[in-house]
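**Q** Got a structure here, written out as structure tokens. Questions coming.
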Amino acid sequence: MTKHIFVTGGVVSSLGKGLTSASIGMLLEQRGLRVRMQKLDPYINVDPGTMSPYQHGEVYVLDDGSETDLDLGHYERFTNSPLTRDSNYTTGQIYLSVIEKERRGEFLGKTVQVIPHITNEIKSCIKKLAGDDVDVVITEIGGTVGDIESQPFLEAIRQFSLDIGKANCLYIHLTLVPYLKAAAEIKTKPTQHSVGLLRQIGIQPDILICRTERGMSQDDRSKIALFCNVASEAVIEEKDKDFSIYEVPFSLVQNGLDELIVKHLQLPAGKLDLSPWNDLMHRLRNPEHEISIAVVGKYAEHRDAYKSIYESIDHAGIHHRAQVRIGRIQSEDIEREGPERLLAGYDGILVPGGFGERGIEGKVEAIRFARERGIPFFGICLGMQCAAIEFGRNVVGLTDAHSSEFNKNTPHPVICLLDDQQNIVDKGGTMRLGAQVAKLAEGSRAREAYGVASIDERHRHRYEFNNSYRQQFIAHGMTFSGTSLDDGLVEIIELIDHPWFVAVQYHPEFKSKPTQAHPLFAGLIKAAIQRRQSRGERLKEIETT
Ligand code: GLN
């Protein structure tokens with residue numbers, strides 16, 4: 001029978017519930033268990049696809065085309081749990097489904113209420129992940145305990161243990177144990193209050209994971225245990241990790257979390273095998289190169305907006321044993337100050353995806369700079385479209401070439417709306433989304449990097465390269481190295497006559513793992529290392545700890 005773990009959070013938001021849940025999933029998988037991961041989000045949007053990156057951070061796209069919360073990125077990077085649209089539900093989706101059922105008359109005249117109809121719907125979404133081939137489902141509840149929005153979710157997971165038996169459920173609560181400078185001690189009261197709120201709803205957490213800046217003493221643990229009604233060995237310290245997020249699982253193991261879970265749920269677990277992760281940590285701690293990559297975006301100052309991009313750069317750094325310093329450059333700053341001052345020192349330039357006109361000209365300038373100076377360049381989605389605009393304007397000579405997304409009247413729409421987007425009005429879930437197969441041209445950089453003739457990558461876009469410009473671009477030296485199987489859509493463009501100039505219409509950052517870097521990110525980092533070396537700069541001594 002599938003067992004269930006529920007992860008809630010208290011005291012403050014941004015405690016790292018997603019990372020902690022992903023780490024738990026990873027530890028259980030490394031003990032031979034079959035894990036499924038899920039996130040329940042209390043907001044009313046049906047999915048995060050319609051939210052601004054300022055509000056929500058990156059929208060993480062799955063193979064099946066669902067637009068999901070960025071925590072699912074952590075799940076995929078840490079575990080092999082297959083994720084589908086059942087892996088992320090929002091309040092909006094839950095209500096939408098209940099209201100549609102009501103309209104169909106499925107409730108047979110009953111008054112439709114939060115309890116039981118909404119809670120039943122939530123429970124059925126959790127149950128969808130259980131099955132004969134699954135040992136444990138880990139369900140993370142978004143938001144913070146005490147929020148009005150998350151109450152139906154908490155009520156549903158409370159009922160869940162009544163439905164399937166207490167012994168088959170485990171409640172983990174993540175809290176903050178702050179250090180108060182003035183008192184020179186850590187404070188347990190916020191944790192007590194947060195657990196108090198949970199117990200009021202009827203949920204007694206089995207395990208508390210305490211985020212702390214400073215370590216906790218045995219006394220602190222005993223005090224939390226006593227006041228929160230949990231065993232003292234079930235008070236787990238999770239100290240802040242400054243070096244890398246990939247240290248989190250190690251710290252949880254040190255504090256006995258995996259064993260605690262396995263015992264509590266009586267899981268058929270094997271011995272913990274962390275060898276791939278030990279290797280990763282070793283590489284991280286012992287780099288042989290140091291390079292810098294500029295990420296030129298519209299939301300560069302907002303870390304979560306390009307979460308998977310930054311992670312993928314790190315993975316490629318781990319792969320090539322390079323410590324990568326990432327420069328987060330606002331593309332509008334390039335418009336004001338020019339590329340030379342902001343980009344000259346970098347070993348590589350990456351332009352990520354995006355929407356809207358703001359900062360476009362800065363991105364185009366950054367790409368021109370990379371192309372003309374031979375700086376390794378990687379363009380992703382809008383980054384590829386900007387590369388096409390730049391090449392159209394400055395190499396092919398198409399004055400005012402643009403994307404029709406930004407200039408409807410451009411004389412040269414080198415980027416135009418996808419054919420099947422012409423009549424779409426609704427914004428939610430209507431882009432070209434999810435995994436699509438592309439074929440790679442023999443002899444291209446992309447073909448060499450991937451090492452295979454066809455690939456499967458995730459998409460999220462409405463615009464595409466305008467095929468009526470293909471021949472002109474080819475005549476001026478552009479290679480179309482990846483196209484859809486029917487040749488109709490351009491997926492990858494590259495300049496062979498450049499150390500590394502590759503741009504893709506899809507989002508490779510959703511398929512990179514710390515233990516398995518994405519080939520194109522690895523290609524960028526390799527080219528950046530070569531550039532750094534060819535410039536003859538001495539590699540900086542890097543402190544290893
Ligand atoms: N705005 C562009 C499009 O819709 C690029 C999208 C993206 O970068 N994800 O095609």
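Starting from 1 in every chain, residues are counted up; chains themselves are A, B, ... following the order of the structure tokens, and ligands are numbered from 1 as listed.
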From stretch 16-177 of chain A, collect each residue whose DSSP state is strand (DSSP E or B) and return the set as a JSON list (two decimals) with C-alpha atoms, in the first residue's frame.
**A**
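The new file selection_38.json reads:
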[["chain", "number", "residue", "atom", "x", "y", "z"],
["A", 35, "VAL", "CA", 8.56, 7.99, -4.79],
["A", 36, "ARG", "CA", 6.02, 10.40, -6.29],
["A", 37, "MET", "CA", 6.09, 14.13, -5.58],
["A", 38, "GLN", "CA", 3.24, 16.62, -5.53],
["A", 39, "LYS", "CA", 2.64, 20.26, -4.63],
["A", 40, "LEU", "CA", -0.69, 21.78, -3.63],
["A", 41, "ASP", "CA", -0.79, 25.56, -4.07],
["A", 60, "TYR", "CA", 8.16, 25.35, -14.59],
["A", 61, "VAL", "CA", 6.96, 23.36, -17.63],
["A", 67, "GLU", "CA", 2.71, 24.97, -16.40],
["A", 68, "THR", "CA", 3.60, 24.44, -12.77],
["A", 88, "ASN", "CA", 0.59, 20.31, -9.03],
["A", 89, "TYR", "CA", -2.89, 21.42, -8.03],
["A", 90, "THR", "CA", -4.03, 24.91, -7.10],
["A", 136, "VAL", "CA", 5.52, 6.86, -0.97],
["A", 137, "VAL", "CA", 3.75, 10.00, -2.15],
["A", 138, "ILE", "CA", 5.22, 13.24, -0.83],
["A", 139, "THR", "CA", 2.70, 16.08, -0.91],
["A", 140, "GLU", "CA", 3.91, 19.58, -0.13],
["A", 141, "ILE", "CA", 1.29, 22.11, 0.94],
["A", 169, "CYS", "CA", 0.56, 8.92, 6.93],
["A", 170, "LEU", "CA", 3.39, 11.07, 8.16],
["A", 171, "TYR", "CA", 3.16, 14.79, 8.83],
["A", 172, "ILE", "CA", 6.34, 16.83, 8.57],
["A", 173, "HIS", "CA", 6.26, 20.47, 9.57],
["A", 174, "LEU", "CA", 9.01, 22.86, 8.55],
["A", 175, "THR", "CA", 9.51, 25.86, 10.81],
["A", 176, "LEU", "CA", 11.92, 28.66, 11.51],
["A", 177, "VAL", "CA", 13.93, 28.78, 14.72]]
**Q** Please find the residues contacting ligand 1 at a distance of at most 6 Å between atoms, with only C-alpha atoms and all ligand atoms counted, and report them as a list in words.
**A** Gly353, Gly354, Phe355, Cys381, Leu382, Arg460, His461, Arg462 and Tyr463 of chain A
**Q** I'd like the neighbourhood of stretch 216-220 of chain A as a ChimeraX atom specification, where a residue qualifies if any of its atoms comes within 9 Å (using only C-alpha atoms), though same-chain residues fewer than 4 positions away should be ignored.
**A** /A:177,186-188,210,212,224-225,232,237,239
**Q** I'd like to know which of A:Val12, A:Ser52, A:Val502, A:Gly57 is closest to A:His193, using only C-alpha atoms.
**A**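 With only C-alpha atoms as the atom set, the closest residue is A:Val12.
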**Q** Using only C-alpha atoms, pick whichever of A:Ala475, A:Ile529, A:Leu520, A:Ile157 has the shortest atom-to-atom distance to A:Ile455.
**A**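 Ranking A:Ala475, A:Ile529, A:Leu520, A:Ile157 by distance to A:Ile455, first place goes to A:Leu520.
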**Q** Could you write out, as a PyMOL selection string, all the residues of stretch 287-521 of chain A that DSSP marks as helix (DSSP H, G or I)?
**A** chain A and resi 303-319+331-337+339-343+360-373+382-396+419-421+445-450+467-475+508-511+519-521
**Q** At a cut-off of 9 Å, using only C-alpha atoms, what residues contact A:Gly379? Leave out same-chain residues fewer than 6 positions from it and give the result as a VMD selection string.
**A** chain A and resid 349 to 353 367 385 to 387 501 to 505
**Q** Listing only residues of stretch 462-492 of chain A within 8 Å of stretch 396-417 of chain A, what is the closest atom pair and its distance in Å (to one decimal) for each, using only C-alpha atoms, sorted by chain and residue number ascending, as CSV?
**A**
residue,atom,partner,partner_atom,distance
A:Arg462,CA,A:Leu417,CA,5.9
A:Tyr463,CA,A:Leu417,CA,4.3
A:Glu464,CA,A:Ile415,CA,5.4
A:Phe465,CA,A:Ile415,CA,4.6
A:Asn466,CA,A:Val414,CA,5.0
A:Tyr469,CA,A:Val414,CA,6.5
A:Gln472,CA,A:Val396,CA,7.1
A:Phe473,CA,A:Val396,CA,6.5
A:His476,CA,A:Val396,CA,6.2
**Q** Hey, can you spit out that residue selection with all heavy atoms as a short mmCIF file (atom, residue, chain, number, x, y, z; two decimals), in the first residue's frame?
**A**
data_model
loop_
_atom_site.label_atom_id
_atom_site.label_comp_id
_atom_site.auth_asym_id
_atom_site.auth_seq_id
_atom_site.Cartn_x
_atom_site.Cartn_y
_atom_site.Cartn_z
N ARG A 462 4.66 31.32 -28.15
CA ARG A 462 3.62 31.56 -29.15
C ARG A 462 4.24 31.96 -30.50
O ARG A 462 3.60 31.91 -31.52
CB ARG A 462 2.72 32.73 -28.73
CG ARG A 462 1.82 32.41 -27.57
CD ARG A 462 0.82 33.54 -27.32
NE ARG A 462 0.41 33.53 -25.92
CZ ARG A 462 -0.47 32.69 -25.42
NH1 ARG A 462 -1.03 31.78 -26.18
NH2 ARG A 462 -0.78 32.72 -24.13
N TYR A 463 5.49 32.43 -30.45
CA TYR A 463 6.12 32.95 -31.68
C TYR A 463 7.21 31.99 -32.14
O TYR A 463 7.69 31.16 -31.37
CB TYR A 463 6.68 34.35 -31.41
CG TYR A 463 5.57 35.35 -31.17
CD1 TYR A 463 4.95 35.46 -29.94
CD2 TYR A 463 5.11 36.15 -32.22
CE1 TYR A 463 3.90 36.34 -29.73
CE2 TYR A 463 4.06 37.03 -32.02
CZ TYR A 463 3.46 37.13 -30.77
OH TYR A 463 2.41 37.99 -30.58
N GLU A 464 7.57 32.13 -33.41
CA GLU A 464 8.54 31.20 -33.99
C GLU A 464 9.37 31.95 -35.04
O GLU A 464 9.03 33.06 -35.45
CB GLU A 464 7.79 30.05 -34.69
CG GLU A 464 6.89 30.57 -35.81
CD GLU A 464 6.46 29.52 -36.81
OE1 GLU A 464 7.22 28.57 -37.02
OE2 GLU A 464 5.38 29.68 -37.40
N PHE A 465 10.44 31.28 -35.49
CA PHE A 465 11.22 31.85 -36.57
C PHE A 465 10.38 31.82 -37.85
O PHE A 465 9.75 30.81 -38.17
CB PHE A 465 12.53 31.06 -36.78
CG PHE A 465 13.40 31.68 -37.82
CD1 PHE A 465 14.24 32.73 -37.50
CD2 PHE A 465 13.34 31.24 -39.15
CE1 PHE A 465 15.03 33.34 -38.48
CE2 PHE A 465 14.12 31.84 -40.13
CZ PHE A 465 14.96 32.90 -39.79
N ASN A 466 10.37 32.94 -38.58
CA ASN A 466 9.57 33.06 -39.80
C ASN A 466 10.30 32.37 -40.97
O ASN A 466 11.34 32.85 -41.42
CB ASN A 466 9.37 34.55 -40.09
CG ASN A 466 8.44 34.79 -41.25
OD1 ASN A 466 8.21 33.90 -42.07
ND2 ASN A 466 7.90 36.00 -41.31
N TYR A 469 12.26 33.67 -44.10
CA TYR A 469 13.60 34.27 -44.05
C TYR A 469 14.72 33.22 -43.98
O TYR A 469 15.88 33.55 -43.89
CB TYR A 469 13.71 35.22 -42.84
CG TYR A 469 12.88 36.47 -43.02
CD1 TYR A 469 11.60 36.54 -42.50
CD2 TYR A 469 13.38 37.56 -43.73
CE1 TYR A 469 10.82 37.68 -42.68
CE2 TYR A 469 12.61 38.70 -43.92
CZ TYR A 469 11.33 38.75 -43.38
OH TYR A 469 10.58 39.87 -43.58
N GLN A 472 17.56 33.32 -46.76
CA GLN A 472 18.41 34.52 -46.63
C GLN A 472 19.39 34.37 -45.46
O GLN A 472 20.56 34.73 -45.55
CB GLN A 472 17.52 35.73 -46.34
CG GLN A 472 17.25 36.60 -47.55
CD GLN A 472 16.27 37.70 -47.18
OE1 GLN A 472 15.13 37.40 -46.83
NE2 GLN A 472 16.72 38.95 -47.22
N PHE A 473 18.89 33.83 -44.37
CA PHE A 473 19.75 33.66 -43.19
C PHE A 473 20.85 32.64 -43.49
O PHE A 473 22.01 32.85 -43.13
CB PHE A 473 18.91 33.19 -41.97
CG PHE A 473 18.34 34.32 -41.15
CD1 PHE A 473 17.56 35.31 -41.73
CD2 PHE A 473 18.57 34.39 -39.78
CE1 PHE A 473 17.02 36.35 -40.97
CE2 PHE A 473 18.04 35.42 -39.00
CZ PHE A 473 17.27 36.40 -39.60
N HIS A 476 23.66 33.93 -45.40
CA HIS A 476 24.57 34.79 -44.63
C HIS A 476 25.29 34.05 -43.50
O HIS A 476 25.89 34.67 -42.63
CB HIS A 476 23.82 36.00 -44.08
CG HIS A 476 23.53 37.03 -45.14
ND1 HIS A 476 22.45 36.94 -45.99
CD2 HIS A 476 24.22 38.14 -45.50
CE1 HIS A 476 22.47 37.97 -46.82
NE2 HIS A 476 23.54 38.72 -46.55
#
